[in-house]
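Heads up, the thing below is written out as C-alpha cells.
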Amino acid sequence: MTNRPELVALRSFLSVYRTGGVARAAEALRLSQPAVSHHLKAIEESVGRPLFRRAGRGITPTEAGHSLAAEVAEHIDALEGALDGLRSATLSGAGPVFVGAPVDLLERFVVTRMAPLLAEGLTVRCRVGLSPDLVQAVLGDEIDVALLTKIEGVPTRRMYLVQLLEERFLLVGRSGDEPYEPEQERRFVGYSEEMPMARRYFRECWAIRPPAPALVVNDFRAVVAAVLAGAGLTIAPHYLVEEHLAAGRLSVLHRPSQPVVNTVHIGTRRGREHLPRIRAVFGALSSVD
C-alpha cells in the first residue's frame, strides 16, 4: 500500500492554493473546513515542510507550496477533466459554464454565440465585470471563462489565454461635429473616471493625457447614447459604433496614422482548457468575425 497523499488531499491542497483560503476551498469543493485542513496537514506531513504561511487574515503559499502546485496542477486538472468527460457524453452532464465579460462584450459576442451550445444541452450563466475582477473570479473558481480587455499583470502561469479579437479605438462624435485637435477644449464622455481607452489613444496619438470626462457612465452603450445626444466626444471600440457610423449618426473625428488597437483575450484557469464544456465555449467565442 502506498503512503503517498491521496488524490483527494492533493485536490484540496490545489483548491486552497488557487482560492487563497481554507474556507473558500472548502466551499468550492463542498467539503467541511476541518476536512480540508486535515488534507493540508496530511500533505505537509508527507512533503516534510509547510506549504502555506499566515498573511494577515489569510494564508499565502510558501516556496514549497508554489513548487508543489506547479508539479501537480496539470495532472489533477487532467484527471478531473477525464472524469468530467466520462460522466456524460453530452455537454449537459458537466453542469453550467459561468462566463464573465464587460457588459458590451457580453452583449456583442457572448450571448449571441451561445445558442448552438444551448441546443446541445449546455447551460450558461453570465456575469458582468471588468478585467481585474474577472481574473480573480476565474482564479477563485467563481467563473469558468472570462473575456479580458487587459492582461497586463495577469499570472499567465495560472491563466490559459487565447486571443479573441483586436478592438480598434475610434474618436467619435455626432455627425457634423468638427474634427478633433488636442488643443481644443471639447467635452468627453467616459466609461470611467480613468478612461483607459482614451488614455491609450491620447498617449499613442499625441503623447498627452486626455481631458477629464464631463460625463461618466459605467456602460459603454450608455456612453454612445450620450454622444448621440450631444453630450460630448468619446473613444469607443469600433464594434460599438460601426452601426451608427454606417447610418451617419456618428462621425470619426480623428484618424491616426496608425490604428490604436487593443487585444481582447478569452481566459480560463490553466489546466481547465481541455474540459469539454470549456472547449465548447472557447470554440463558440473564437468564431467571432
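Identifiers in this document derive from the order of the C-alpha cells: chains are assigned A, B, ..., residues are numbered from 1 separately in each chain, and ligands are numbered from 1 in order of occurrence.
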
Inset, instruction - Any chance you could list, as an NGL selection string, the residues in region 61-284 of chain A that come up alpha helix (DSSP H) when DSSP is run on the backbone? - result: :A and (63-87 or 103-105 or 111-113 or 115-119 or 131-139 or 196-206 or 220-228 or 238-246 or 276-284)

Legend entry - Residues within 6 Å of region 158-162 of chain A, only C-alpha atoms, excluding chain neighbours under 3 positions, as number ranges by chain: A: 155, 265-270

Save out the residues we just selected, all heavy atoms, as an mmCIF file, in the first residue's frame.
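Listed below is the output, out08.cif:
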```cif
data_model
loop_
_atom_site.group_PDB
_atom_site.id
_atom_site.type_symbol
_atom_site.label_atom_id
_atom_site.label_comp_id
_atom_site.auth_asym_id
_atom_site.auth_seq_id
_atom_site.Cartn_x
_atom_site.Cartn_y
_atom_site.Cartn_z
ATOM 1 N N PRO A 155 -1.420 36.580 -14.077
ATOM 2 C CA PRO A 155 -0.460 35.490 -13.866
ATOM 3 C C PRO A 155 -0.624 34.400 -14.925
ATOM 4 O O PRO A 155 -1.416 33.474 -14.770
ATOM 5 C CB PRO A 155 -0.814 34.981 -12.465
ATOM 6 C CG PRO A 155 -2.259 35.319 -12.283
ATOM 7 C CD PRO A 155 -2.485 36.589 -13.051
ATOM 8 N N HIS A 265 -8.794 38.980 -25.006
ATOM 9 C CA HIS A 265 -8.475 37.564 -24.836
ATOM 10 C C HIS A 265 -9.628 36.819 -24.162
ATOM 11 O O HIS A 265 -10.403 37.403 -23.405
ATOM 12 C CB HIS A 265 -7.221 37.382 -23.975
ATOM 13 C CG HIS A 265 -5.953 37.817 -24.643
ATOM 14 N ND1 HIS A 265 -5.547 39.135 -24.691
ATOM 15 C CD2 HIS A 265 -4.993 37.106 -25.299
ATOM 16 C CE1 HIS A 265 -4.394 39.226 -25.334
ATOM 17 N NE2 HIS A 265 -4.037 38.016 -25.715
ATOM 18 N N ILE A 266 -9.702 35.516 -24.440
ATOM 19 C CA ILE A 266 -10.544 34.613 -23.663
ATOM 20 C C ILE A 266 -9.621 33.906 -22.682
ATOM 21 O O ILE A 266 -8.533 33.453 -23.064
ATOM 22 C CB ILE A 266 -11.233 33.546 -24.540
ATOM 23 C CG1 ILE A 266 -11.770 34.152 -25.831
ATOM 24 C CG2 ILE A 266 -12.345 32.845 -23.778
ATOM 25 C CD1 ILE A 266 -12.258 33.112 -26.829
ATOM 26 N N GLY A 267 -10.038 33.810 -21.420
ATOM 27 C CA GLY A 267 -9.186 33.185 -20.428
ATOM 28 C C GLY A 267 -9.927 32.184 -19.558
ATOM 29 O O GLY A 267 -11.134 32.312 -19.325
ATOM 30 N N THR A 268 -9.195 31.176 -19.108
ATOM 31 C CA THR A 268 -9.706 30.232 -18.118
ATOM 32 C C THR A 268 -8.537 29.832 -17.231
ATOM 33 O O THR A 268 -7.373 30.125 -17.551
ATOM 34 C CB THR A 268 -10.346 28.991 -18.778
ATOM 35 O OG1 THR A 268 -11.025 28.215 -17.786
ATOM 36 C CG2 THR A 268 -9.295 28.119 -19.451
ATOM 37 N N ARG A 269 -8.819 29.189 -16.111
ATOM 38 C CA ARG A 269 -7.743 28.730 -15.242
ATOM 39 C C ARG A 269 -6.946 27.657 -15.959
ATOM 40 O O ARG A 269 -7.517 26.736 -16.511
ATOM 41 C CB ARG A 269 -8.326 28.216 -13.922
ATOM 42 C CG ARG A 269 -7.268 27.767 -12.933
ATOM 43 C CD ARG A 269 -7.811 27.754 -11.512
ATOM 44 N NE ARG A 269 -8.994 26.940 -11.350
ATOM 45 C CZ ARG A 269 -8.998 25.617 -11.280
ATOM 46 N NH1 ARG A 269 -7.878 24.942 -11.429
ATOM 47 N NH2 ARG A 269 -10.117 24.944 -11.091
ATOM 48 N N ARG A 270 -5.615 27.810 -15.935
ATOM 49 C CA ARG A 270 -4.755 26.881 -16.658
ATOM 50 C C ARG A 270 -4.976 25.454 -16.175
ATOM 51 O O ARG A 270 -5.053 25.193 -14.978
ATOM 52 C CB ARG A 270 -3.282 27.283 -16.497
ATOM 53 C CG ARG A 270 -2.342 26.507 -17.405
ATOM 54 C CD ARG A 270 -0.959 27.124 -17.435
ATOM 55 N NE ARG A 270 -0.926 28.403 -18.149
ATOM 56 C CZ ARG A 270 -0.863 28.510 -19.457
ATOM 57 N NH1 ARG A 270 -0.875 27.424 -20.228
ATOM 58 N NH2 ARG A 270 -0.804 29.704 -20.032
#
```

Legend entry - Nearest to Gly232 (chain A) by atom-to-atom distance, counting only C-alpha atoms, from A:Arg57, A:Arg203, A:His75, A:Arg187: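 Checking each of A:Arg57, A:Arg203, A:His75, A:Arg187 against Gly232 (chain A), counting only C-alpha atoms, the winner is A:Arg187.
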
Legend entry - Best match for closeness to Glu183 (chain A) among A:Val8, A:Met197, A:Val138, A:Ile208, counting only C-alpha atoms: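 Checking each candidate against Glu183 (chain A), we get A:Ile208 as the closest.
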
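For region 48-51 of chain A, the set of protein, DNA and RNA residues having any atom at most 10 Å away, when counting only C-alpha atoms and skipping those fewer than 2 positions along the same chain, is Phe13, Tyr17, Leu40, Lys41, Ala42, Ile43, Glu44, Glu45, Ser46, Arg53, Ile59, Thr60, Pro61, Thr62, Glu63, Ala64, Gly65, His66, Ser67, Leu68 and Ala69 of chain A.
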
Please dump the current selection as a short mmCIF file (atom, residue, chain, number, x, y, z; two decimals), in the first residue's frame; keep N, CA and C atoms.
```
data_model
loop_
_atom_site.label_atom_id
_atom_site.label_comp_id
_atom_site.auth_asym_id
_atom_site.auth_seq_id
_atom_site.Cartn_x
_atom_site.Cartn_y
_atom_site.Cartn_z
N PHE A 13 -5.49 20.59 -1.45
CA PHE A 13 -4.33 21.49 -1.44
C PHE A 13 -4.39 22.45 -2.61
N TYR A 17 -4.65 26.52 -2.62
CA TYR A 17 -3.63 27.31 -3.33
C TYR A 17 -4.28 28.30 -4.28
N LEU A 40 -4.67 19.22 4.15
CA LEU A 40 -3.45 20.02 4.08
C LEU A 40 -2.39 19.48 5.03
N LYS A 41 -2.82 19.12 6.23
CA LYS A 41 -1.87 18.59 7.22
C LYS A 41 -1.24 17.30 6.70
N ALA A 42 -2.04 16.44 6.06
CA ALA A 42 -1.51 15.19 5.52
C ALA A 42 -0.48 15.45 4.43
N ILE A 43 -0.75 16.43 3.57
CA ILE A 43 0.19 16.76 2.50
C ILE A 43 1.48 17.31 3.10
N GLU A 44 1.36 18.22 4.06
CA GLU A 44 2.55 18.82 4.66
C GLU A 44 3.39 17.78 5.38
N GLU A 45 2.72 16.84 6.06
CA GLU A 45 3.46 15.77 6.72
C GLU A 45 4.19 14.90 5.69
N SER A 46 3.57 14.72 4.55
CA SER A 46 4.18 13.89 3.51
C SER A 46 5.41 14.56 2.91
N ARG A 53 1.82 29.88 4.72
CA ARG A 53 2.10 30.66 5.92
C ARG A 53 1.00 31.68 6.09
N ILE A 59 -3.88 33.26 4.14
CA ILE A 59 -2.65 32.49 4.05
C ILE A 59 -2.05 32.68 2.67
N THR A 60 -0.75 32.48 2.59
CA THR A 60 -0.07 32.61 1.31
C THR A 60 0.86 31.42 1.13
N PRO A 61 1.06 30.94 -0.09
CA PRO A 61 1.90 29.76 -0.29
C PRO A 61 3.37 30.03 0.03
N THR A 62 4.04 29.03 0.58
CA THR A 62 5.49 29.08 0.71
C THR A 62 6.11 28.69 -0.63
N GLU A 63 7.43 28.75 -0.71
CA GLU A 63 8.09 28.31 -1.93
C GLU A 63 7.79 26.84 -2.21
N ALA A 64 7.72 26.03 -1.13
CA ALA A 64 7.37 24.61 -1.30
C ALA A 64 5.95 24.48 -1.83
N GLY A 65 5.05 25.35 -1.38
CA GLY A 65 3.67 25.33 -1.85
C GLY A 65 3.58 25.67 -3.32
N HIS A 66 4.31 26.72 -3.74
CA HIS A 66 4.33 27.08 -5.16
C HIS A 66 4.88 25.93 -6.00
N SER A 67 5.96 25.31 -5.51
CA SER A 67 6.60 24.23 -6.25
C SER A 67 5.66 23.04 -6.41
N LEU A 68 4.98 22.66 -5.31
CA LEU A 68 4.07 21.52 -5.38
C LEU A 68 2.90 21.80 -6.32
N ALA A 69 2.36 23.00 -6.23
CA ALA A 69 1.23 23.35 -7.11
C ALA A 69 1.63 23.28 -8.57
#
```

Inset, instruction - Point out the residue among A:Ala70, A:Val217, A:Leu285, A:Leu171 with the least atom-to-atom distance to Val260 (chain A), counting only C-alpha atoms. - result: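 Of all the options, A:Leu171 lies closest to Val260 (chain A).
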
Once you count only C-alpha atoms, what closest atom pair and distance in Å to one decimal does each residue of region 16-132 of chain A within 10 Å of region 237-249 of chain A have, with rows by chain and rising residue number, as JSON lines?
```
{"residue": "A:Asp104", "atom": "CA", "partner": "A:Leu240", "partner_atom": "CA", "distance": 7.7}
{"residue": "A:Leu105", "atom": "CA", "partner": "A:Leu240", "partner_atom": "CA", "distance": 9.3}
{"residue": "A:Arg108", "atom": "CA", "partner": "A:Tyr239", "partner_atom": "CA", "distance": 8.1}
```

Output C-alpha atoms for every residue in that selection, as an mmCIF file, in the first residue's frame.
```cif
data_model
loop_
_atom_site.group_PDB
_atom_site.id
_atom_site.type_symbol
_atom_site.label_atom_id
_atom_site.label_comp_id
_atom_site.auth_asym_id
_atom_site.auth_seq_id
_atom_site.Cartn_x
_atom_site.Cartn_y
_atom_site.Cartn_z
ATOM 1 C CA ASP A 104 -20.560 45.489 -24.062
ATOM 2 C CA LEU A 105 -18.570 42.339 -24.919
ATOM 3 C CA ARG A 108 -21.946 41.834 -28.558
#
```

Legend entry - Ala115 (chain A) surroundings by only C-alpha atoms, 12 Å radius, close-in-sequence under 4 positions cut, as a ChimeraX atom specification: /A:109-111,119-124,280-281,284-285

Legend entry - Neighbour list for Arg125 (chain A) as a list in words, cut-off 10 Å, only C-alpha atoms, skip fewer than 6 positions in-chain: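 The filter keeps Pro96, Val97, Phe98, Val99, Gly100, Ile143 and Asp144 of chain A.
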
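Ranking A:Ser251, A:Asn218, A:Gln163, A:Gln184 by their shortest atom-to-atom distance to Gly283 (chain A), with only C-alpha atoms included, puts A:Gln163 first.
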
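Across A:Glu273, A:Gly21, A:Val145, A:Pro182, the tightest approach to Glu74 (chain A) is made by A:Glu273 when counting only C-alpha atoms.
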